[in-house]
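Dumped structure-v1.cif below, it's mmCIF, C-alpha atoms:
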```cif
data_start
loop_
_atom_site.label_atom_id
_atom_site.label_comp_id
_atom_site.auth_asym_id
_atom_site.auth_seq_id
_atom_site.Cartn_x
_atom_site.Cartn_y
_atom_site.Cartn_z
CA MET K 7 -13.43 -41.06 20.69
CA ARG K 8 -14.73 -43.86 22.92
CA ASN K 9 -11.85 -43.34 25.37
CA LEU K 10 -12.61 -39.59 25.48
CA MET K 11 -16.26 -40.27 26.34
CA ILE K 12 -15.26 -42.70 29.12
CA PHE K 13 -12.78 -40.16 30.49
CA ALA K 14 -15.46 -37.42 30.45
CA ALA K 15 -17.94 -39.70 32.25
CA ILE K 16 -15.36 -40.47 34.94
CA LEU K 17 -14.63 -36.75 35.43
CA ILE K 18 -18.35 -35.96 35.72
CA GLY K 19 -18.83 -38.76 38.24
CA LEU K 20 -15.81 -37.64 40.25
CA GLY K 21 -17.02 -34.03 40.21
CA THR K 22 -20.48 -35.06 41.42
CA PHE K 23 -18.96 -37.18 44.19
CA MET K 24 -16.68 -34.31 45.33
CA ALA K 25 -19.60 -31.84 45.34
CA GLN K 26 -21.65 -34.18 47.53
CA MET K 27 -18.74 -34.63 49.92
CA ALA K 28 -18.17 -30.88 50.12
CA SER K 29 -21.83 -30.18 50.85
CA LYS K 30 -21.77 -32.77 53.67
CA MET K 31 -18.63 -31.25 55.15
CA ALA K 32 -19.64 -27.57 54.93
CA PRO K 33 -22.61 -27.69 57.37
CA ALA K 34 -20.50 -29.55 59.95
CA ALA K 35 -17.75 -26.93 59.74
CA ALA K 36 -20.30 -24.11 60.03
CA THR K 37 -21.90 -25.76 63.08
CA THR K 38 -18.53 -26.15 64.76
CA ALA K 39 -17.62 -22.53 64.06
CA ARG K 40 -20.97 -21.31 65.40
CA GLN K 41 -20.55 -23.25 68.63
CA THR K 42 -17.05 -21.93 69.13
CA THR K 43 -18.01 -18.26 68.56
CA ALA K 44 -21.52 -18.28 70.05
CA PRO K 45 -20.75 -15.92 72.97
CA ALA K 46 -19.13 -13.31 70.67
CA VAL K 47 -22.01 -13.45 68.17
CA THR K 48 -24.55 -12.96 70.97
CA VAL K 49 -22.74 -9.84 72.17
CA ALA K 50 -22.48 -8.44 68.63
CA GLN K 51 -26.18 -9.04 67.95
CA ALA K 52 -27.18 -7.27 71.15
CA SER K 53 -25.53 -4.05 69.96
CA ALA K 54 -26.33 -4.35 66.25
CA ARG K 55 -28.99 -2.29 64.52
CA THR K 56 -31.11 -4.20 62.02
CA LEU K 57 -33.61 -3.03 59.44
CA SER K 58 -36.03 -5.39 57.71
CA ILE K 59 -37.58 -4.22 54.42
CA ALA K 60 -40.56 -6.01 52.91
CA PRO K 61 -40.95 -6.00 49.11
CA ASP K 62 -43.43 -3.66 47.49
CA PRO K 63 -46.11 -5.02 45.10
CA ARG K 64 -43.54 -5.00 42.26
CA GLY K 65 -41.14 -7.10 44.33
CA HIS K 66 -38.70 -4.21 44.86
CA PHE K 67 -37.36 -3.09 48.21
CA GLU K 68 -38.15 0.57 48.81
CA THR K 69 -37.34 2.49 51.94
CA ASP K 70 -37.45 6.01 53.26
CA GLY K 71 -34.21 7.60 54.30
CA ARG K 72 -32.51 10.86 55.03
CA ILE K 73 -29.57 12.60 53.45
CA ASP K 74 -28.11 15.28 55.67
CA GLY K 75 -31.36 15.18 57.66
CA GLN K 76 -33.74 15.63 54.70
CA HIS K 77 -36.24 12.97 53.58
CA ILE K 78 -35.59 10.86 50.46
CA ASN K 79 -37.06 7.65 49.05
CA PHE K 80 -34.70 4.90 47.85
CA MET K 81 -35.06 1.65 46.00
CA VAL K 82 -32.43 -0.75 47.35
CA ASP K 83 -30.39 -2.00 44.40
CA THR K 84 -27.67 -4.55 45.18
CA GLY K 85 -26.70 -4.44 41.50
CA ALA K 86 -25.86 -0.73 41.62
CA SER K 87 -22.21 0.00 42.42
CA VAL K 88 -23.00 3.32 44.06
CA VAL K 89 -25.88 5.35 45.40
CA ALA K 90 -27.55 7.03 42.43
CA LEU K 91 -29.69 10.16 42.69
CA ASN K 92 -31.68 11.89 39.99
CA GLU K 93 -30.98 15.61 39.49
CA THR K 94 -34.19 16.77 41.19
CA SER K 95 -33.47 14.83 44.37
CA ALA K 96 -29.78 15.77 44.38
CA ALA K 97 -30.64 19.48 44.09
CA ARG K 98 -32.67 19.25 47.33
CA PHE K 99 -29.44 18.28 49.10
CA GLY K 100 -27.32 20.96 47.50
CA LEU K 101 -25.83 18.70 44.82
CA ARG K 102 -26.18 20.69 41.60
CA PRO K 103 -23.63 19.47 39.07
CA VAL K 104 -22.87 21.70 36.12
CA PRO K 105 -22.70 20.19 32.61
CA GLY K 106 -18.90 19.83 32.85
CA ASP K 107 -19.26 17.61 35.96
CA TYR K 108 -20.95 14.83 33.96
CA THR K 109 -17.76 12.94 33.19
CA SER K 110 -18.59 9.40 34.35
CA ARG K 111 -20.16 6.93 31.94
CA VAL K 112 -22.82 4.68 33.43
CA THR K 113 -24.50 1.69 31.83
CA THR K 114 -28.16 1.37 32.81
CA ALA K 115 -31.12 -0.63 31.56
CA ASN K 116 -31.83 2.33 29.28
CA GLY K 117 -28.34 2.44 27.79
CA THR K 118 -25.13 4.33 28.51
CA ILE K 119 -25.40 7.84 29.94
CA LYS K 120 -23.17 10.41 31.59
CA ALA K 121 -23.30 11.00 35.33
CA ALA K 122 -21.66 13.36 37.82
CA ARG K 123 -19.69 11.98 40.76
CA ALA K 124 -20.62 13.17 44.24
CA ARG K 125 -19.96 12.34 47.88
CA ILE K 126 -22.71 12.35 50.48
CA ALA K 127 -21.71 13.17 54.06
CA MET K 128 -24.38 11.01 55.71
CA ILE K 129 -27.24 8.69 54.70
CA GLU K 130 -29.68 7.37 57.31
CA ILE K 131 -32.04 4.47 56.68
CA GLY K 132 -34.27 3.23 59.51
CA GLY K 133 -31.76 3.87 62.28
CA LEU K 134 -28.74 2.80 60.21
CA THR K 135 -26.28 5.62 59.52
CA VAL K 136 -23.48 5.52 56.96
CA ARG K 137 -21.09 8.42 56.46
CA ASP K 138 -18.97 9.50 53.51
CA VAL K 139 -20.87 7.67 50.75
CA ASP K 140 -19.88 7.77 47.07
CA ALA K 141 -22.76 8.65 44.76
CA LEU K 142 -23.65 9.58 41.21
CA VAL K 143 -26.10 12.20 40.00
CA LEU K 144 -27.96 11.20 36.84
CA PRO K 145 -30.30 13.23 34.64
CA ASP K 146 -33.95 12.95 35.68
CA GLU K 147 -34.90 11.30 32.39
CA ALA K 148 -32.34 8.53 33.02
CA LEU K 149 -33.29 7.75 36.63
CA SER K 150 -36.86 7.82 37.90
CA GLU K 151 -36.05 6.35 41.35
CA ASN K 152 -33.11 7.01 43.62
CA LEU K 153 -31.01 3.89 44.12
CA LEU K 154 -29.37 2.76 47.34
CA GLY K 155 -26.37 0.92 45.94
CA LEU K 156 -23.28 -0.86 47.19
CA SER K 157 -21.40 2.31 48.19
CA PHE K 158 -23.91 2.39 51.09
CA LEU K 159 -24.63 -1.33 51.52
CA SER K 160 -20.98 -2.41 51.60
CA LYS K 161 -20.38 -0.22 54.66
CA LEU K 162 -22.93 -2.22 56.65
CA LYS K 163 -22.03 -5.28 58.69
CA ARG K 164 -24.22 -7.37 56.38
CA PHE K 165 -27.22 -7.35 54.07
CA GLU K 166 -29.15 -10.38 52.95
CA TYR K 167 -32.45 -11.62 51.57
CA ALA K 168 -34.15 -13.92 54.08
CA ASN K 169 -37.76 -15.04 54.63
CA GLY K 170 -39.01 -12.81 51.81
CA LYS K 171 -37.46 -9.64 53.26
CA LEU K 172 -34.26 -7.70 52.81
CA LEU K 173 -32.29 -7.48 56.05
CA LEU K 174 -29.72 -4.74 56.63
CA GLU K 175 -27.51 -4.86 59.73
CA GLN K 176 -25.01 -2.37 61.09
#
```
Before anything else, please render the file you have as C-alpha coordinates.
Amino acid sequence: MRNLMIFAAILIGLGTFMAQMASKMAPAAATTARQTTAPAVTVAQASARTLSIAPDPRGHFETDGRIDGQHINFMVDTGASVVALNETSAARFGLRPVPGDYTSRVTTANGTIKAARARIAMIEIGGLTVRDVDALVLPDEALSENLLGLSFLSKLKRFEYANGKLLLEQ
(Lines of atoms letter the chains of each structure in order from A and count residues from 1; the text may use other names and numbers.)
(Lines give C-alpha, C1' and ligand atoms only; values in the text may rest on other atoms or scores of the structure.)
Protein backbone atom coordinates (compact mmCIF):
# COMPACT_ATOMS: atom_id res chain seq x y z
CA MET A 1 0.00 0.00 0.00
CA ARG A 2 2.88 2.34 0.86
CA ASN A 3 4.47 1.73 -2.55
CA LEU A 4 1.14 2.50 -4.26
CA MET A 5 0.86 5.83 -2.41
CA ILE A 6 4.43 6.78 -3.37
CA PHE A 7 3.74 5.85 -7.00
CA ALA A 8 0.54 7.96 -7.00
CA ALA A 9 2.41 10.94 -5.50
CA ILE A 10 5.09 10.68 -8.19
CA LEU A 11 2.43 10.56 -10.95
CA ILE A 12 0.65 13.61 -9.51
CA GLY A 13 3.93 15.52 -9.29
CA LEU A 14 4.88 14.53 -12.83
CA GLY A 15 1.44 15.55 -14.12
CA THR A 16 1.68 18.94 -12.40
CA PHE A 17 5.17 19.50 -13.82
CA MET A 18 4.03 18.58 -17.36
CA ALA A 19 0.99 20.89 -17.11
CA GLN A 20 3.22 23.80 -16.07
CA MET A 21 5.61 23.10 -18.93
CA ALA A 22 2.75 22.91 -21.43
CA SER A 23 1.27 26.21 -20.25
CA LYS A 24 4.68 27.89 -20.63
CA MET A 25 5.11 26.50 -24.13
CA ALA A 26 1.60 27.25 -25.45
CA PRO A 27 1.78 31.08 -25.28
CA ALA A 28 5.15 31.08 -27.04
CA ALA A 29 3.80 28.93 -29.86
CA ALA A 30 0.72 31.15 -30.18
CA THR A 31 2.89 34.29 -30.31
CA THR A 32 5.07 32.78 -33.01
CA ALA A 33 2.04 31.75 -35.06
CA ARG A 34 0.50 35.20 -34.72
CA GLN A 35 3.67 36.91 -35.92
CA THR A 36 3.95 34.60 -38.89
CA THR A 37 0.32 35.08 -40.01
CA ALA A 38 -0.20 38.73 -39.00
CA PRO A 39 -0.63 40.09 -42.55
CA ALA A 40 -3.28 37.45 -43.44
CA VAL A 41 -5.21 38.04 -40.20
CA THR A 42 -5.25 41.80 -40.82
CA VAL A 43 -6.72 41.29 -44.28
CA ALA A 44 -9.35 38.85 -42.97
CA GLN A 45 -10.39 41.21 -40.18
CA ALA A 46 -10.80 44.10 -42.60
CA SER A 47 -13.46 42.18 -44.53
CA ALA A 48 -15.09 40.38 -41.60
CA ARG A 49 -18.46 41.37 -40.18
CA THR A 50 -18.66 41.31 -36.39
CA LEU A 51 -21.61 41.60 -34.03
CA SER A 52 -21.19 42.26 -30.31
CA ILE A 53 -24.12 41.36 -28.03
CA ALA A 54 -24.28 42.60 -24.45
CA PRO A 55 -26.08 40.45 -21.86
CA ASP A 56 -29.57 41.37 -20.75
CA PRO A 57 -30.37 41.83 -17.03
CA ARG A 58 -30.77 38.04 -16.68
CA GLY A 59 -27.30 37.48 -18.15
CA HIS A 60 -28.68 36.05 -21.42
CA PHE A 61 -27.71 37.22 -24.87
CA GLU A 62 -30.76 38.32 -26.82
CA THR A 63 -30.73 39.78 -30.29
CA ASP A 64 -33.13 40.83 -32.98
CA GLY A 65 -32.92 39.07 -36.30
CA ARG A 66 -34.76 38.35 -39.48
CA ILE A 67 -35.93 35.14 -41.08
CA ASP A 68 -36.70 35.54 -44.75
CA GLY A 69 -36.84 39.31 -44.15
CA GLN A 70 -39.30 39.23 -41.22
CA HIS A 71 -38.40 40.33 -37.68
CA ILE A 72 -37.78 37.76 -34.92
CA ASN A 73 -36.21 37.87 -31.46
CA PHE A 74 -33.65 35.20 -30.50
CA MET A 75 -31.86 34.19 -27.36
CA VAL A 76 -28.38 32.97 -28.34
CA ASP A 77 -27.95 29.47 -26.93
CA THR A 78 -24.57 27.82 -27.53
CA GLY A 79 -25.94 24.71 -25.81
CA ALA A 80 -28.71 24.26 -28.39
CA SER A 81 -27.76 22.01 -31.31
CA VAL A 82 -30.08 23.78 -33.73
CA VAL A 83 -32.15 26.91 -34.08
CA ALA A 84 -35.41 26.32 -32.22
CA LEU A 85 -38.62 28.22 -32.92
CA ASN A 86 -41.91 28.05 -31.08
CA GLU A 87 -45.00 27.32 -33.19
CA THR A 88 -46.30 30.90 -33.12
CA SER A 89 -43.05 32.34 -34.45
CA ALA A 90 -42.60 29.55 -37.00
CA ALA A 91 -46.11 30.14 -38.39
CA ARG A 92 -45.18 33.77 -39.16
CA PHE A 93 -42.52 32.42 -41.53
CA GLY A 94 -44.75 29.85 -43.17
CA LEU A 95 -43.54 26.91 -41.07
CA ARG A 96 -46.72 25.17 -39.95
CA PRO A 97 -45.95 21.55 -39.10
CA VAL A 98 -48.86 19.14 -38.89
CA PRO A 99 -49.07 16.70 -35.95
CA GLY A 100 -47.39 13.94 -38.01
CA ASP A 101 -44.30 16.15 -38.54
CA TYR A 102 -43.41 16.07 -34.83
CA THR A 103 -41.10 13.07 -35.07
CA SER A 104 -37.92 14.34 -33.40
CA ARG A 105 -37.43 13.91 -29.67
CA VAL A 106 -35.79 16.83 -27.90
CA THR A 107 -34.56 16.99 -24.32
CA THR A 108 -35.07 20.40 -22.74
CA ALA A 109 -34.93 21.79 -19.23
CA ASN A 110 -38.65 20.96 -19.03
CA GLY A 111 -38.22 17.34 -20.08
CA THR A 112 -38.42 15.40 -23.34
CA ILE A 113 -40.82 16.64 -26.01
CA LYS A 114 -41.49 16.09 -29.69
CA ALA A 115 -40.40 18.62 -32.29
CA ALA A 116 -40.74 19.04 -36.05
CA ARG A 117 -37.64 19.39 -38.23
CA ALA A 118 -37.43 22.39 -40.56
CA ARG A 119 -34.93 24.20 -42.75
CA ILE A 120 -34.72 27.98 -42.87
CA ALA A 121 -33.51 29.55 -46.11
CA MET A 122 -31.88 32.59 -44.49
CA ILE A 123 -31.33 34.05 -41.00
CA GLU A 124 -29.91 37.55 -40.57
CA ILE A 125 -28.55 38.85 -37.27
CA GLY A 126 -27.02 42.35 -37.14
CA GLY A 127 -25.51 42.23 -40.62
CA LEU A 128 -24.51 38.56 -40.41
CA THR A 129 -26.34 36.33 -42.87
CA VAL A 130 -26.44 32.53 -42.76
CA ARG A 131 -28.29 30.47 -45.36
CA ASP A 132 -29.77 26.99 -45.26
CA VAL A 133 -30.08 26.60 -41.48
CA ASP A 134 -31.44 23.48 -39.77
CA ALA A 135 -34.15 24.21 -37.21
CA LEU A 136 -36.76 22.64 -35.01
CA VAL A 137 -40.30 23.81 -34.33
CA LEU A 138 -41.46 23.16 -30.77
CA PRO A 139 -44.90 23.59 -29.22
CA ASP A 140 -45.44 27.04 -27.69
CA GLU A 141 -45.81 25.59 -24.21
CA ALA A 142 -42.36 23.95 -24.49
CA LEU A 143 -40.46 26.99 -25.80
CA SER A 144 -41.15 30.53 -24.67
CA GLU A 145 -38.15 32.09 -26.47
CA ASN A 146 -36.72 31.33 -29.89
CA LEU A 147 -33.20 29.95 -29.65
CA LEU A 148 -30.30 30.74 -31.96
CA GLY A 149 -28.37 27.49 -31.72
CA LEU A 150 -25.31 25.88 -33.24
CA SER A 151 -26.89 25.19 -36.64
CA PHE A 152 -26.53 28.97 -37.12
CA LEU A 153 -23.48 29.69 -34.95
CA SER A 154 -21.32 26.91 -36.42
CA LYS A 155 -21.62 28.50 -39.88
CA LEU A 156 -19.92 31.67 -38.62
CA LYS A 157 -16.18 32.20 -38.72
CA ARG A 158 -16.17 32.31 -34.91
CA PHE A 159 -18.20 33.11 -31.82
CA GLU A 160 -16.80 33.78 -28.38
CA TYR A 161 -17.47 35.36 -25.02
CA ALA A 162 -15.03 38.21 -24.39
CA ASN A 163 -15.05 41.29 -22.13
CA GLY A 164 -18.56 40.49 -20.89
CA LYS A 165 -20.06 40.34 -24.40
CA LEU A 166 -20.81 37.67 -26.94
CA LEU A 167 -18.92 38.27 -30.19
CA LEU A 168 -20.10 36.76 -33.47
CA GLU A 169 -17.91 37.06 -36.57
CA GLN A 170 -18.56 36.11 -40.17
| message | Rounded to one decimal, what separation in Å do you get between CA of Glu166 (chain K) and CA of Thr113 (chain K)? | response |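 Between these atoms lies a distance of 24.8 Å.
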With the file shown as input, list the residues that the PyMOL selection byres ((chain K and resi 160) around 12) selects, as JSON, numbers by chain. {"K": [83, 84, 85, 86, 87, 88, 89, 136, 137, 139, 140, 154, 155, 156, 157, 158, 159, 161, 162, 163, 164, 165, 166, 174, 175, 176]}
Keeping C-alpha atoms, export the residues of the selection given above as a CSV table (one decimal), keeping the file's coordinate frame.
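Contents of part30.csv, as written:
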```
chain,number,residue,atom,x,y,z
K,83,ASP,CA,-30.4,-2.0,44.4
K,84,THR,CA,-27.7,-4.6,45.2
K,85,GLY,CA,-26.7,-4.4,41.5
K,86,ALA,CA,-25.9,-0.7,41.6
K,87,SER,CA,-22.2,0.0,42.4
K,88,VAL,CA,-23.0,3.3,44.1
K,89,VAL,CA,-25.9,5.4,45.4
K,136,VAL,CA,-23.5,5.5,57.0
K,137,ARG,CA,-21.1,8.4,56.5
K,139,VAL,CA,-20.9,7.7,50.8
K,140,ASP,CA,-19.9,7.8,47.1
K,154,LEU,CA,-29.4,2.8,47.3
K,155,GLY,CA,-26.4,0.9,45.9
K,156,LEU,CA,-23.3,-0.9,47.2
K,157,SER,CA,-21.4,2.3,48.2
K,158,PHE,CA,-23.9,2.4,51.1
K,159,LEU,CA,-24.6,-1.3,51.5
K,161,LYS,CA,-20.4,-0.2,54.7
K,162,LEU,CA,-22.9,-2.2,56.6
K,163,LYS,CA,-22.0,-5.3,58.7
K,164,ARG,CA,-24.2,-7.4,56.4
K,165,PHE,CA,-27.2,-7.4,54.1
K,166,GLU,CA,-29.2,-10.4,53.0
K,174,LEU,CA,-29.7,-4.7,56.6
K,175,GLU,CA,-27.5,-4.9,59.7
K,176,GLN,CA,-25.0,-2.4,61.1
```
- Might you pull out every residue within 12 Å of Thr69 (chain K), with only C-alpha atoms counted and same-chain residues fewer than 3 positions away left off, and present them as a list in words?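 In the requested format, the answer is Leu57, Ser58, Ile59, Ala60, Pro61, Asp62, His66, Arg72, His77, Ile78, Asn79, Phe80, Met81, Val82, Asp83, Glu130, Ile131, Gly132, Gly133, Leu134, Glu151, Asn152, Leu153, Leu154, Leu172, Leu173 and Leu174 of chain K.
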What separates CA of Ile73 (chain K) and CA of Gly170 (chain K) is a distance of 27.2 Å
Set the distance at 6 Å and use only C-alpha atoms: which residues neighbour region 94-111 of chain K once local chain neighbours fewer than 2 positions away are removed? I'd like the list as a ChimeraX atom specification.
/K:91-92,119-122
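Computed from the coordinates, the CA of Ala148 (chain K) to CA of Arg123 (chain K) distance equals 15.2 Å.
For the residues K:Ala115, K:Ala168, K:Asp74, K:Glu93, ranking by smallest atom-to-atom distance to Pro145 (chain K) using all atoms listed in the file places K:Glu93 first.
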Practice problem: Would you please work out which residue, of K:Val143, K:Phe67, K:Gly75, K:Leu149, is nearest to Ala124 (chain K) when using only C-alpha atoms? | Solution: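 Among K:Val143, K:Phe67, K:Gly75, K:Leu149, it is K:Val143 that comes nearest to Ala124 (chain K).
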Open item on the list: I'd like to know which of K:Glu147, K:Ile129, K:Arg64, K:Asn169 is closest to Gly117 (chain K), using all atoms listed in the file.
Closed with: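 Comparing K:Glu147, K:Ile129, K:Arg64, K:Asn169 against Gly117 (chain K), the winner is K:Glu147.
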As a JSON list (two decimals), in the coordinates of the input, could you write out region 139-160 of chain K once it has been completed with N, CA, C and O atoms?
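Output contents, as saved in rebuild_39.json:
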```json
[["chain", "number", "residue", "atom", "x", "y", "z"],
["K", 139, "VAL", "N", -20.38, 8.64, 51.73],
["K", 139, "VAL", "CA", -20.87, 7.67, 50.75],
["K", 139, "VAL", "C", -20.67, 8.20, 49.32],
["K", 139, "VAL", "O", -21.12, 9.31, 49.01],
["K", 140, "ASP", "N", -20.02, 7.41, 48.48],
["K", 140, "ASP", "CA", -19.88, 7.77, 47.07],
["K", 140, "ASP", "C", -21.24, 7.69, 46.39],
["K", 140, "ASP", "O", -22.05, 6.81, 46.69],
["K", 141, "ALA", "N", -21.48, 8.62, 45.46],
["K", 141, "ALA", "CA", -22.76, 8.65, 44.76],
["K", 141, "ALA", "C", -22.56, 9.18, 43.35],
["K", 141, "ALA", "O", -21.50, 9.71, 43.00],
["K", 142, "LEU", "N", -23.60, 9.01, 42.55],
["K", 142, "LEU", "CA", -23.65, 9.58, 41.21],
["K", 142, "LEU", "C", -24.95, 10.35, 41.07],
["K", 142, "LEU", "O", -25.98, 9.94, 41.62],
["K", 143, "VAL", "N", -24.89, 11.45, 40.35],
["K", 143, "VAL", "CA", -26.10, 12.20, 40.00],
["K", 143, "VAL", "C", -26.35, 11.95, 38.52],
["K", 143, "VAL", "O", -25.46, 12.14, 37.69],
["K", 144, "LEU", "N", -27.58, 11.50, 38.21],
["K", 144, "LEU", "CA", -27.96, 11.20, 36.84],
["K", 144, "LEU", "C", -29.08, 12.13, 36.41],
["K", 144, "LEU", "O", -29.88, 12.59, 37.25],
["K", 145, "PRO", "N", -29.18, 12.40, 35.13],
["K", 145, "PRO", "CA", -30.30, 13.23, 34.64],
["K", 145, "PRO", "C", -31.64, 12.60, 35.02],
["K", 145, "PRO", "O", -31.77, 11.37, 35.07],
["K", 146, "ASP", "N", -32.63, 13.43, 35.29],
["K", 146, "ASP", "CA", -33.95, 12.95, 35.68],
["K", 146, "ASP", "C", -34.53, 11.95, 34.69],
["K", 146, "ASP", "O", -35.15, 10.97, 35.08],
["K", 147, "GLU", "N", -34.32, 12.20, 33.41],
["K", 147, "GLU", "CA", -34.90, 11.30, 32.39],
["K", 147, "GLU", "C", -34.23, 9.92, 32.38],
["K", 147, "GLU", "O", -34.78, 8.96, 31.87],
["K", 148, "ALA", "N", -33.06, 9.81, 32.99],
["K", 148, "ALA", "CA", -32.34, 8.53, 33.02],
["K", 148, "ALA", "C", -32.60, 7.75, 34.30],
["K", 148, "ALA", "O", -32.33, 6.55, 34.36],
["K", 149, "LEU", "N", -33.12, 8.41, 35.34],
["K", 149, "LEU", "CA", -33.29, 7.75, 36.63],
["K", 149, "LEU", "C", -34.57, 8.25, 37.30],
["K", 149, "LEU", "O", -34.61, 9.37, 37.80],
["K", 150, "SER", "N", -35.59, 7.41, 37.30],
["K", 150, "SER", "CA", -36.86, 7.82, 37.90],
["K", 150, "SER", "C", -36.86, 7.62, 39.41],
["K", 150, "SER", "O", -37.54, 8.34, 40.13],
["K", 151, "GLU", "N", -36.11, 6.63, 39.91],
["K", 151, "GLU", "CA", -36.05, 6.35, 41.35],
["K", 151, "GLU", "C", -34.62, 6.43, 41.83],
["K", 151, "GLU", "O", -33.70, 5.99, 41.14],
["K", 152, "ASN", "N", -34.43, 6.96, 43.03],
["K", 152, "ASN", "CA", -33.11, 7.01, 43.62],
["K", 152, "ASN", "C", -32.72, 5.60, 44.06],
["K", 152, "ASN", "O", -33.55, 4.86, 44.59],
["K", 153, "LEU", "N", -31.47, 5.25, 43.83],
["K", 153, "LEU", "CA", -31.01, 3.89, 44.12],
["K", 153, "LEU", "C", -30.04, 3.87, 45.30],
["K", 153, "LEU", "O", -29.10, 4.68, 45.34],
["K", 154, "LEU", "N", -30.27, 2.97, 46.22],
["K", 154, "LEU", "CA", -29.37, 2.76, 47.34],
["K", 154, "LEU", "C", -28.47, 1.60, 46.96],
["K", 154, "LEU", "O", -28.84, 0.44, 47.05],
["K", 155, "GLY", "N", -27.28, 1.92, 46.48],
["K", 155, "GLY", "CA", -26.37, 0.92, 45.94],
["K", 155, "GLY", "C", -25.30, 0.48, 46.92],
["K", 155, "GLY", "O", -25.34, 0.77, 48.12],
["K", 156, "LEU", "N", -24.32, -0.23, 46.38],
["K", 156, "LEU", "CA", -23.28, -0.86, 47.19],
["K", 156, "LEU", "C", -22.36, 0.12, 47.91],
["K", 156, "LEU", "O", -21.75, -0.25, 48.91],
["K", 157, "SER", "N", -22.25, 1.36, 47.46],
["K", 157, "SER", "CA", -21.40, 2.31, 48.19],
["K", 157, "SER", "C", -21.98, 2.56, 49.58],
["K", 157, "SER", "O", -21.24, 2.91, 50.51],
["K", 158, "PHE", "N", -23.27, 2.35, 49.77],
["K", 158, "PHE", "CA", -23.91, 2.39, 51.09],
["K", 158, "PHE", "C", -23.90, 0.99, 51.71],
["K", 158, "PHE", "O", -23.44, 0.79, 52.83],
["K", 159, "LEU", "N", -24.43, 0.01, 50.98],
["K", 159, "LEU", "CA", -24.63, -1.33, 51.52],
["K", 159, "LEU", "C", -23.34, -1.99, 51.98],
["K", 159, "LEU", "O", -23.31, -2.72, 52.97],
["K", 160, "SER", "N", -22.25, -1.76, 51.26],
["K", 160, "SER", "CA", -20.98, -2.41, 51.60],
["K", 160, "SER", "C", -20.38, -1.88, 52.89],
["K", 160, "SER", "O", -19.49, -2.50, 53.47]]
```
